[in-house]
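This is structure-v5.pdb (PDB, C-alpha atoms).
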```
MODEL        1
ATOM      1  CA  MET A 849     109.677 116.028 123.055  1.00  0.00           C
ATOM      2  CA  HIS A 850     108.373 117.258 119.689  1.00  0.00           C
ATOM      3  CA  PRO A 851     104.926 118.889 120.010  1.00  0.00           C
ATOM      4  CA  LEU A 852     103.515 116.410 117.483  1.00  0.00           C
ATOM      5  CA  ILE A 853     104.306 113.518 119.844  1.00  0.00           C
ATOM      6  CA  ARG A 854     102.096 114.782 122.662  1.00  0.00           C
ATOM      7  CA  ASP A 855      99.302 112.289 123.406  1.00  0.00           C
ATOM      8  CA  ILE A 856     100.692 109.885 120.797  1.00  0.00           C
ATOM      9  CA  GLU A 857     100.452 106.228 121.858  1.00  0.00           C
ATOM     10  CA  MET A 858     101.833 104.521 118.734  1.00  0.00           C
ATOM     11  CA  VAL A 859     104.389 105.602 116.146  1.00  0.00           C
ATOM     12  CA  ALA A 860     104.599 103.816 112.797  1.00  0.00           C
ATOM     13  CA  PHE A 861     107.922 104.101 110.974  1.00  0.00           C
ATOM     14  CA  ASP A 862     108.727 103.543 107.341  1.00  0.00           C
ATOM     15  CA  LEU A 863     112.024 101.685 106.800  1.00  0.00           C
ATOM     16  CA  ASP A 864     113.881 102.532 103.576  1.00  0.00           C
ATOM     17  CA  GLY A 865     114.812 106.198 103.434  1.00  0.00           C
ATOM     18  CA  THR A 866     113.521 106.825 106.961  1.00  0.00           C
ATOM     19  CA  LEU A 867     115.476 104.505 109.271  1.00  0.00           C
ATOM     20  CA  ILE A 868     118.015 103.069 106.827  1.00  0.00           C
ATOM     21  CA  ASP A 869     119.775 104.094 103.630  1.00  0.00           C
ATOM     22  CA  SER A 870     119.324 100.838 101.730  1.00  0.00           C
ATOM     23  CA  VAL A 871     119.738 102.109  98.175  1.00  0.00           C
ATOM     24  CA  PRO A 872     123.366 100.938  97.755  1.00  0.00           C
ATOM     25  CA  ASP A 873     122.383  97.306  98.395  1.00  0.00           C
ATOM     26  CA  LEU A 874     119.162  97.603  96.414  1.00  0.00           C
ATOM     27  CA  ALA A 875     121.052  99.030  93.447  1.00  0.00           C
ATOM     28  CA  VAL A 876     123.597  96.207  93.486  1.00  0.00           C
ATOM     29  CA  ALA A 877     120.779  93.640  93.428  1.00  0.00           C
ATOM     30  CA  VAL A 878     118.859  95.492  90.706  1.00  0.00           C
ATOM     31  CA  ASP A 879     121.926  95.820  88.510  1.00  0.00           C
ATOM     32  CA  ALA A 880     122.876  92.173  89.023  1.00  0.00           C
ATOM     33  CA  ALA A 881     119.355  91.121  88.000  1.00  0.00           C
ATOM     34  CA  LEU A 882     119.541  93.255  84.854  1.00  0.00           C
ATOM     35  CA  VAL A 883     122.943  91.841  83.938  1.00  0.00           C
ATOM     36  CA  ASP A 884     121.481  88.347  84.383  1.00  0.00           C
ATOM     37  CA  GLN A 885     118.994  89.303  81.662  1.00  0.00           C
ATOM     38  CA  GLY A 886     121.773  90.527  79.372  1.00  0.00           C
ATOM     39  CA  LEU A 887     120.973  94.184  80.049  1.00  0.00           C
ATOM     40  CA  ALA A 888     123.062  97.148  81.145  1.00  0.00           C
ATOM     41  CA  PRO A 889     122.986  98.205  84.819  1.00  0.00           C
ATOM     42  CA  VAL A 890     121.141 101.407  85.722  1.00  0.00           C
ATOM     43  CA  GLY A 891     123.204 102.503  88.740  1.00  0.00           C
ATOM     44  CA  VAL A 892     122.625 103.853  92.229  1.00  0.00           C
ATOM     45  CA  ALA A 893     121.368 107.323  91.269  1.00  0.00           C
ATOM     46  CA  ARG A 894     118.466 106.000  89.197  1.00  0.00           C
ATOM     47  CA  VAL A 895     117.499 103.375  91.774  1.00  0.00           C
ATOM     48  CA  ARG A 896     117.384 106.080  94.452  1.00  0.00           C
ATOM     49  CA  ASP A 897     114.554 107.777  92.523  1.00  0.00           C
ATOM     50  CA  TRP A 898     112.556 104.541  92.175  1.00  0.00           C
ATOM     51  CA  VAL A 899     112.477 103.213  95.744  1.00  0.00           C
ATOM     52  CA  GLY A 900     109.322 103.317  97.830  1.00  0.00           C
ATOM     53  CA  ASN A 901     106.586 101.359  96.075  1.00  0.00           C
ATOM     54  CA  GLY A 902     107.819  97.822  96.708  1.00  0.00           C
ATOM     55  CA  SER A 903     110.415  95.642  95.027  1.00  0.00           C
ATOM     56  CA  ARG A 904     108.308  94.576  92.041  1.00  0.00           C
ATOM     57  CA  LEU A 905     107.677  98.142  90.892  1.00  0.00           C
ATOM     58  CA  LEU A 906     111.332  99.003  91.537  1.00  0.00           C
ATOM     59  CA  VAL A 907     112.379  96.199  89.210  1.00  0.00           C
ATOM     60  CA  GLU A 908     109.736  97.151  86.642  1.00  0.00           C
ATOM     61  CA  ARG A 909     111.045 100.710  86.530  1.00  0.00           C
ATOM     62  CA  ALA A 910     114.643  99.579  86.200  1.00  0.00           C
ATOM     63  CA  LEU A 911     113.766  97.045  83.525  1.00  0.00           C
ATOM     64  CA  GLY A 912     111.810  99.623  81.545  1.00  0.00           C
ATOM     65  CA  GLU A 913     114.803 101.955  81.675  1.00  0.00           C
ATOM     66  CA  ALA A 914     117.203  99.240  80.545  1.00  0.00           C
ATOM     67  CA  LEU A 915     114.916  98.053  77.732  1.00  0.00           C
ATOM     68  CA  ASN A 916     113.821 101.571  76.762  1.00  0.00           C
ATOM     69  CA  ARG A 917     110.250 100.291  76.575  1.00  0.00           C
ATOM     70  CA  LEU A 918     107.423  99.042  78.753  1.00  0.00           C
ATOM     71  CA  PRO A 919     108.439  95.545  79.867  1.00  0.00           C
ATOM     72  CA  GLU A 920     106.164  92.536  79.525  1.00  0.00           C
ATOM     73  CA  LYS A 921     104.728  91.052  82.711  1.00  0.00           C
ATOM     74  CA  SER A 922     106.740  87.867  82.190  1.00  0.00           C
ATOM     75  CA  GLU A 923     109.933  89.911  81.847  1.00  0.00           C
ATOM     76  CA  VAL A 924     109.220  91.739  85.099  1.00  0.00           C
ATOM     77  CA  GLU A 925     108.517  88.468  86.905  1.00  0.00           C
ATOM     78  CA  ALA A 926     111.737  86.882  85.693  1.00  0.00           C
ATOM     79  CA  CYS A 927     113.851  89.915  86.564  1.00  0.00           C
ATOM     80  CA  HIS A 928     112.136  90.310  89.930  1.00  0.00           C
ATOM     81  CA  GLU A 929     112.980  86.730  90.864  1.00  0.00           C
ATOM     82  CA  ARG A 930     116.632  87.399  90.060  1.00  0.00           C
ATOM     83  CA  PHE A 931     116.526  90.614  92.091  1.00  0.00           C
ATOM     84  CA  LEU A 932     115.127  88.792  95.117  1.00  0.00           C
ATOM     85  CA  LEU A 933     117.843  86.157  94.803  1.00  0.00           C
ATOM     86  CA  HIS A 934     120.622  88.734  94.735  1.00  0.00           C
ATOM     87  CA  TYR A 935     119.134  90.976  97.440  1.00  0.00           C
ATOM     88  CA  ARG A 936     118.454  88.043  99.759  1.00  0.00           C
ATOM     89  CA  ALA A 937     122.108  87.057  99.483  1.00  0.00           C
ATOM     90  CA  SER A 938     123.339  90.483 100.642  1.00  0.00           C
ATOM     91  CA  PRO A 939     120.715  92.880 102.065  1.00  0.00           C
ATOM     92  CA  VAL A 940     122.922  94.845 104.479  1.00  0.00           C
ATOM     93  CA  ALA A 941     126.475  94.856 103.103  1.00  0.00           C
ATOM     94  CA  ARG A 942     126.295  98.574 102.253  1.00  0.00           C
ATOM     95  CA  THR A 943     123.123  99.660 104.060  1.00  0.00           C
ATOM     96  CA  LYS A 944     123.524 102.228 106.839  1.00  0.00           C
ATOM     97  CA  LEU A 945     121.377 103.316 109.755  1.00  0.00           C
ATOM     98  CA  TYR A 946     120.661 107.037 109.551  1.00  0.00           C
ATOM     99  CA  PRO A 947     122.125 109.166 112.349  1.00  0.00           C
ATOM    100  CA  GLY A 948     119.796 109.617 115.310  1.00  0.00           C
ATOM    101  CA  VAL A 949     117.567 106.623 114.572  1.00  0.00           C
ATOM    102  CA  ARG A 950     118.655 104.485 117.504  1.00  0.00           C
ATOM    103  CA  GLU A 951     118.407 107.374 119.941  1.00  0.00           C
ATOM    104  CA  ALA A 952     114.902 108.234 118.711  1.00  0.00           C
ATOM    105  CA  LEU A 953     113.611 104.669 118.971  1.00  0.00           C
ATOM    106  CA  ASP A 954     115.108 104.198 122.432  1.00  0.00           C
ATOM    107  CA  GLY A 955     113.671 107.520 123.589  1.00  0.00           C
ATOM    108  CA  LEU A 956     110.159 106.720 122.382  1.00  0.00           C
ATOM    109  CA  LEU A 957     110.238 103.288 124.003  1.00  0.00           C
ATOM    110  CA  THR A 958     111.382 104.853 127.261  1.00  0.00           C
ATOM    111  CA  GLN A 959     108.322 107.112 127.109  1.00  0.00           C
ATOM    112  CA  GLY A 960     106.078 104.059 126.745  1.00  0.00           C
ATOM    113  CA  VAL A 961     105.168 104.623 123.092  1.00  0.00           C
ATOM    114  CA  SER A 962     104.407 101.505 121.022  1.00  0.00           C
ATOM    115  CA  LEU A 963     106.432 101.251 117.820  1.00  0.00           C
ATOM    116  CA  THR A 964     105.542  99.534 114.573  1.00  0.00           C
ATOM    117  CA  LEU A 965     107.391  99.194 111.282  1.00  0.00           C
ATOM    118  CA  ILE A 966     105.372  99.578 108.076  1.00  0.00           C
ATOM    119  CA  THR A 967     107.348  99.200 104.866  1.00  0.00           C
ATOM    120  CA  ASN A 968     106.584  98.296 101.272  1.00  0.00           C
ATOM    121  CA  LYS A 969     109.675  96.081 101.253  1.00  0.00           C
ATOM    122  CA  PRO A 970     108.868  92.341 101.135  1.00  0.00           C
ATOM    123  CA  GLU A 971     108.322  91.031 104.656  1.00  0.00           C
ATOM    124  CA  ALA A 972     111.062  88.387 104.329  1.00  0.00           C
ATOM    125  CA  PHE A 973     113.761  91.078 104.362  1.00  0.00           C
ATOM    126  CA  ILE A 974     112.596  92.900 107.490  1.00  0.00           C
ATOM    127  CA  ALA A 975     113.879  90.466 110.138  1.00  0.00           C
ATOM    128  CA  PRO A 976     117.461  90.134 108.841  1.00  0.00           C
ATOM    129  CA  ILE A 977     117.816  93.885 108.429  1.00  0.00           C
ATOM    130  CA  LEU A 978     116.499  94.676 111.907  1.00  0.00           C
ATOM    131  CA  ALA A 979     118.665  91.929 113.402  1.00  0.00           C
ATOM    132  CA  HIS A 980     121.754  93.329 111.688  1.00  0.00           C
ATOM    133  CA  PHE A 981     121.199  96.705 113.335  1.00  0.00           C
ATOM    134  CA  ALA A 982     120.038  95.210 116.667  1.00  0.00           C
ATOM    135  CA  LEU A 983     116.604  96.832 116.308  1.00  0.00           C
ATOM    136  CA  THR A 984     114.431  93.720 116.427  1.00  0.00           C
ATOM    137  CA  GLU A 985     113.170  94.319 119.966  1.00  0.00           C
ATOM    138  CA  CYS A 986     112.155  97.899 119.218  1.00  0.00           C
ATOM    139  CA  PHE A 987     109.062  97.025 117.225  1.00  0.00           C
ATOM    140  CA  GLY A 988     105.951  95.322 118.537  1.00  0.00           C
ATOM    141  CA  LEU A 989     104.729  94.743 114.982  1.00  0.00           C
ATOM    142  CA  CYS A 990     106.392  94.701 111.550  1.00  0.00           C
ATOM    143  CA  LEU A 991     104.454  94.773 108.280  1.00  0.00           C
ATOM    144  CA  GLY A 992     105.966  94.376 104.826  1.00  0.00           C
ATOM    145  CA  GLY A 993     104.487  95.203 101.458  1.00  0.00           C
ATOM    146  CA  ASP A 994     103.219  91.641 101.116  1.00  0.00           C
ATOM    147  CA  SER A 995     102.012  91.150 104.710  1.00  0.00           C
ATOM    148  CA  LEU A 996      98.474  92.282 103.861  1.00  0.00           C
ATOM    149  CA  ASP A 997      96.412  92.568 100.703  1.00  0.00           C
ATOM    150  CA  GLU A 998      97.213  96.288 100.450  1.00  0.00           C
ATOM    151  CA  LYS A 999     100.336  98.371 101.003  1.00  0.00           C
ATOM    152  CA  LYS A1000     101.087 102.093 101.352  1.00  0.00           C
ATOM    153  CA  PRO A1001      99.732 104.541 100.214  1.00  0.00           C
ATOM    154  CA  ASN A1002      96.655 102.474 101.082  1.00  0.00           C
ATOM    155  CA  PRO A1003      95.888 103.121 104.771  1.00  0.00           C
ATOM    156  CA  ALA A1004      95.122  99.441 105.498  1.00  0.00           C
ATOM    157  CA  PRO A1005      98.520  98.553 107.047  1.00  0.00           C
ATOM    158  CA  LEU A1006      98.358 101.596 109.325  1.00  0.00           C
ATOM    159  CA  LEU A1007      94.822 100.831 110.465  1.00  0.00           C
ATOM    160  CA  HIS A1008      95.819  97.200 111.005  1.00  0.00           C
ATOM    161  CA  ALA A1009      98.665  98.350 113.260  1.00  0.00           C
ATOM    162  CA  ALA A1010      96.420 100.702 115.234  1.00  0.00           C
ATOM    163  CA  ALA A1011      93.931  97.882 115.788  1.00  0.00           C
ATOM    164  CA  HIS A1012      96.745  95.506 116.777  1.00  0.00           C
ATOM    165  CA  PHE A1013      97.783  97.833 119.581  1.00  0.00           C
ATOM    166  CA  GLY A1014      94.221  98.859 120.439  1.00  0.00           C
ATOM    167  CA  VAL A1015      94.979 102.505 119.752  1.00  0.00           C
ATOM    168  CA  SER A1016      92.758 105.100 118.080  1.00  0.00           C
ATOM    169  CA  PRO A1017      94.192 106.430 114.781  1.00  0.00           C
ATOM    170  CA  LYS A1018      94.002 109.900 116.320  1.00  0.00           C
ATOM    171  CA  ALA A1019      96.651 108.788 118.829  1.00  0.00           C
ATOM    172  CA  CYS A1020      98.986 107.451 116.125  1.00  0.00           C
ATOM    173  CA  LEU A1021     101.807 109.050 114.149  1.00  0.00           C
ATOM    174  CA  MET A1022     103.175 107.950 110.751  1.00  0.00           C
ATOM    175  CA  VAL A1023     106.828 108.819 110.147  1.00  0.00           C
ATOM    176  CA  GLY A1024     108.247 108.505 106.656  1.00  0.00           C
ATOM    177  CA  ASP A1025     110.264 110.012 103.857  1.00  0.00           C
ATOM    178  CA  SER A1026     107.868 109.878 100.899  1.00  0.00           C
ATOM    179  CA  ARG A1027     104.508 111.066  99.667  1.00  0.00           C
ATOM    180  CA  HIS A1028     103.233 107.495  99.987  1.00  0.00           C
ATOM    181  CA  ASP A1029     103.899 107.507 103.731  1.00  0.00           C
ATOM    182  CA  ILE A1030     102.208 110.866 104.193  1.00  0.00           C
ATOM    183  CA  GLU A1031      99.209 109.911 102.052  1.00  0.00           C
ATOM    184  CA  ALA A1032      98.772 106.643 103.928  1.00  0.00           C
ATOM    185  CA  GLY A1033      98.987 108.461 107.245  1.00  0.00           C
ATOM    186  CA  LYS A1034      96.427 111.083 106.294  1.00  0.00           C
ATOM    187  CA  ARG A1035      94.004 108.514 104.897  1.00  0.00           C
ATOM    188  CA  ALA A1036      94.317 106.470 108.090  1.00  0.00           C
ATOM    189  CA  GLY A1037      93.617 109.479 110.299  1.00  0.00           C
ATOM    190  CA  PHE A1038      97.158 109.475 111.743  1.00  0.00           C
ATOM    191  CA  ARG A1039      99.259 112.526 112.389  1.00  0.00           C
ATOM    192  CA  THR A1040     102.119 112.642 109.882  1.00  0.00           C
ATOM    193  CA  LEU A1041     105.779 113.535 110.172  1.00  0.00           C
ATOM    194  CA  ALA A1042     108.372 113.500 107.391  1.00  0.00           C
ATOM    195  CA  VAL A1043     112.147 113.394 107.127  1.00  0.00           C
ATOM    196  CA  PRO A1044     113.694 115.189 104.117  1.00  0.00           C
ATOM    197  CA  TYR A1045     116.786 113.012 103.640  1.00  0.00           C
ATOM    198  CA  GLY A1046     115.200 109.877 102.147  1.00  0.00           C
ATOM    199  CA  TYR A1047     113.717 108.807  98.828  1.00  0.00           C
ATOM    200  CA  ASN A1048     110.756 110.625  97.321  1.00  0.00           C
ATOM    201  CA  HIS A1049     111.149 110.275  93.561  1.00  0.00           C
ATOM    202  CA  GLY A1050     113.154 113.484  93.338  1.00  0.00           C
ATOM    203  CA  GLU A1051     110.418 115.552  94.965  1.00  0.00           C
ATOM    204  CA  SER A1052     110.408 117.443  98.243  1.00  0.00           C
ATOM    205  CA  VAL A1053     108.388 115.512 100.834  1.00  0.00           C
ATOM    206  CA  SER A1054     107.207 118.885 102.160  1.00  0.00           C
ATOM    207  CA  ASP A1055     105.035 119.143  99.040  1.00  0.00           C
ATOM    208  CA  SER A1056     102.868 116.377 100.542  1.00  0.00           C
ATOM    209  CA  ALA A1057     102.007 118.700 103.449  1.00  0.00           C
ATOM    210  CA  PRO A1058     102.881 116.498 106.439  1.00  0.00           C
ATOM    211  CA  ASP A1059     101.991 117.853 109.857  1.00  0.00           C
ATOM    212  CA  ALA A1060     105.691 118.415 110.515  1.00  0.00           C
ATOM    213  CA  VAL A1061     109.156 117.853 109.016  1.00  0.00           C
ATOM    214  CA  VAL A1062     112.271 117.117 111.101  1.00  0.00           C
ATOM    215  CA  GLU A1063     115.855 117.056 109.921  1.00  0.00           C
ATOM    216  CA  SER A1064     116.693 114.265 112.381  1.00  0.00           C
ATOM    217  CA  LEU A1065     114.522 111.763 114.206  1.00  0.00           C
ATOM    218  CA  THR A1066     116.214 112.825 117.450  1.00  0.00           C
ATOM    219  CA  GLU A1067     113.919 115.854 117.327  1.00  0.00           C
ATOM    220  CA  LEU A1068     111.065 113.540 118.307  1.00  0.00           C
ATOM    221  CA  VAL A1069     112.467 112.952 121.772  1.00  0.00           C
TER     222      VAL A1069
ENDMDL
END
```
As structure tokens, what does this structure read like?
Amino acid sequence: MHPLIRDIEMVAFDLDGTLIDSVPDLAVAVDAALVDQGLAPVGVARVRDWVGNGSRLLVERALGEALNRLPEKSEVEACHERFLLHYRASPVARTKLYPGVREALDGLLTQGVSLTLITNKPEAFIAPILAHFALTECFGLCLGGDSLDEKKPNPAPLLHAAAHFGVSPKACLMVGDSRHDIEAGKRAGFRTLAVPYGYNHGESVSDSAPDAVVESLTELV
């Protein structure tokens, strides 16, 4: 067991870039939405740098790149609707579970730790993705970016999860791949742990000073 896990009663996991590599499917949906608007696709590499703040901001960034200007709100809304349509049609065709994820989740559950999923992805996409990877039963609570009024890096979803399980924030751990996860965890009073293989806008997640960094989630158990 990782030293950071000692006395931990609940672990909150980010999804994209932490448990799954979803960028290939996200990029296909983003590019399809741009093409629908008569614009050129931006490609996987650019989308990888933009993931983490929710689908609307992802689309806004891609649209701004394609237009080479700040998009109008109406343009973002229209493109975002097309993105949701395309992504809903195929959310897991190319998405992969990162190595060690299943073993880590199973190990934590065996130790009696409560698990929650806190992502900025729209809530509607969580269930089909978890079902695809047979992970539905792992999590006692799942929160998307639109489940509450606030999303990460705001600590509200994390504090909501702690209250749901009746656990003190001091006995909770936030696991993620980006500065938003680490900031949310710190602001909530959680311990924080980062993985370096995900999406963090081209920055090292270590720069956010998490309590620990692990190369694989299997190091938790």
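For A:Arg1027, the non-local neighbours within 9 Å, defined as residues at least 3 positions apart in the same chain or in other chains and counting only C-alpha atoms, are Pro1001, Gly1024, Ile1030, Glu1031, Ala1032, Ala1042, Asn1048, Glu1051, Ser1052, Val1053, Ser1054, Asp1055, Ser1056, Ala1057 and Pro1058 of chain A.
Each of A:Trp898, A:Phe861, A:Phe1013, A:Phe931 was compared to A:Asp884 using all atoms listed in the file, and A:Phe931 turns out to be the nearest.
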State, in Å with one decimal place, the distance from atom CA of A:Leu991 to atom CA of A:Val892.
25.9 Å
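Residue nearest A:Ser938 within the list A:Asn1002, A:Ser995, A:Ser870, A:Gln959: A:Ser870 [criterion: smallest interatomic distance, all atoms listed in the file].
Each of A:Ala1036, A:Leu978, A:Leu867, A:Ala1019 was checked against A:Leu852 using all atoms listed in the file; the smallest atom-to-atom distance is that of A:Ala1019.
Ranking A:Thr964, A:Ser1064, A:Thr984, A:Gln885 by their shortest atom-to-atom distance to A:Leu915, with only C-alpha atoms included, puts A:Gln885 first.
With only C-alpha atoms taken into account, the protein and nucleic acid residues at most 9 Å from A:Val899 (excluding it and anything under 2 positions from it in its own chain) are A:Asp864, A:Gly865, A:Val871, A:Leu874, A:Val895, A:Arg896, A:Asp897, A:Asn901, A:Gly902, A:Ser903, A:Leu905, A:Leu906, A:Tyr1047, A:Asn1048, A:His1049.
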Please produce a file of those selected residues containing C-alpha atoms, as a PDB file, in the coordinates of the input.
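Here's the written file selection27.pdb:
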```
ATOM      1  CA  ASP A 864     113.881 102.532 103.576  1.00  0.00           C
ATOM      2  CA  GLY A 865     114.812 106.198 103.434  1.00  0.00           C
ATOM      3  CA  VAL A 871     119.738 102.109  98.175  1.00  0.00           C
ATOM      4  CA  LEU A 874     119.162  97.603  96.414  1.00  0.00           C
ATOM      5  CA  VAL A 895     117.499 103.375  91.774  1.00  0.00           C
ATOM      6  CA  ARG A 896     117.384 106.080  94.452  1.00  0.00           C
ATOM      7  CA  ASP A 897     114.554 107.777  92.523  1.00  0.00           C
ATOM      8  CA  ASN A 901     106.586 101.359  96.075  1.00  0.00           C
ATOM      9  CA  GLY A 902     107.819  97.822  96.708  1.00  0.00           C
ATOM     10  CA  SER A 903     110.415  95.642  95.027  1.00  0.00           C
ATOM     11  CA  LEU A 905     107.677  98.142  90.892  1.00  0.00           C
ATOM     12  CA  LEU A 906     111.332  99.003  91.537  1.00  0.00           C
ATOM     13  CA  TYR A1047     113.717 108.807  98.828  1.00  0.00           C
ATOM     14  CA  ASN A1048     110.756 110.625  97.321  1.00  0.00           C
ATOM     15  CA  HIS A1049     111.149 110.275  93.561  1.00  0.00           C
TER      16      HIS A1049
END
```
Protein/DNA/RNA residues near (111.5, 102.1, 109.1), cut 12 Å, all atoms listed in the file, as a PyMOL selection string:
chain A and resi 859-870+900+945-946+949-950+952-953+963-969+974-975+977-978+981+983-984+986-987+989-992+1022-1026+1029+1042-1043+1046+1065
Tell me, as a list in words, which residues lie within 8 Å of stretch 926-930 of chain A, counting all atoms listed in the file; anything in the same chain fewer than 6 positions away does not count.
Ala880, Ala881, Leu882, Asp884, Gln885, Ser903, Arg904, Val907, Glu908 and Leu911 of chain A
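Taking atom CA of A:Thr1040 as the reference point, atom CA of A:Gly955 is found at 18.6 Å.
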Might you pull out every residue within 9 Å of A:Leu956, with all atoms listed in the file counted and same-chain residues fewer than 5 positions away left off, and present them as a PyMOL selection string?
chain A and resi 859+951+961-963+1068-1069
Using only C-alpha atoms, find the one residue out of A:Lys999, A:His934, A:Lys1034, A:His1012 that sits nearest to A:Glu971.
A:Lys999
Quick one: pull the distance between atom CA of A:Lys944 and atom CA of A:Ala877, Å, one decimal.
16.2 Å
Using only C-alpha atoms, which residues sit within 12 Å of A:Ser1016 once same-chain residues fewer than 5 positions away are excluded, as a ChimeraX atom specification?
/A:855-859,1006-1011,1021,1036-1039
Point out the residue among A:Gly1033, A:Gly1050, A:Pro1044, A:Gly948 with the least atom-to-atom distance to A:Lys1000, counting only C-alpha atoms.
A:Gly1033
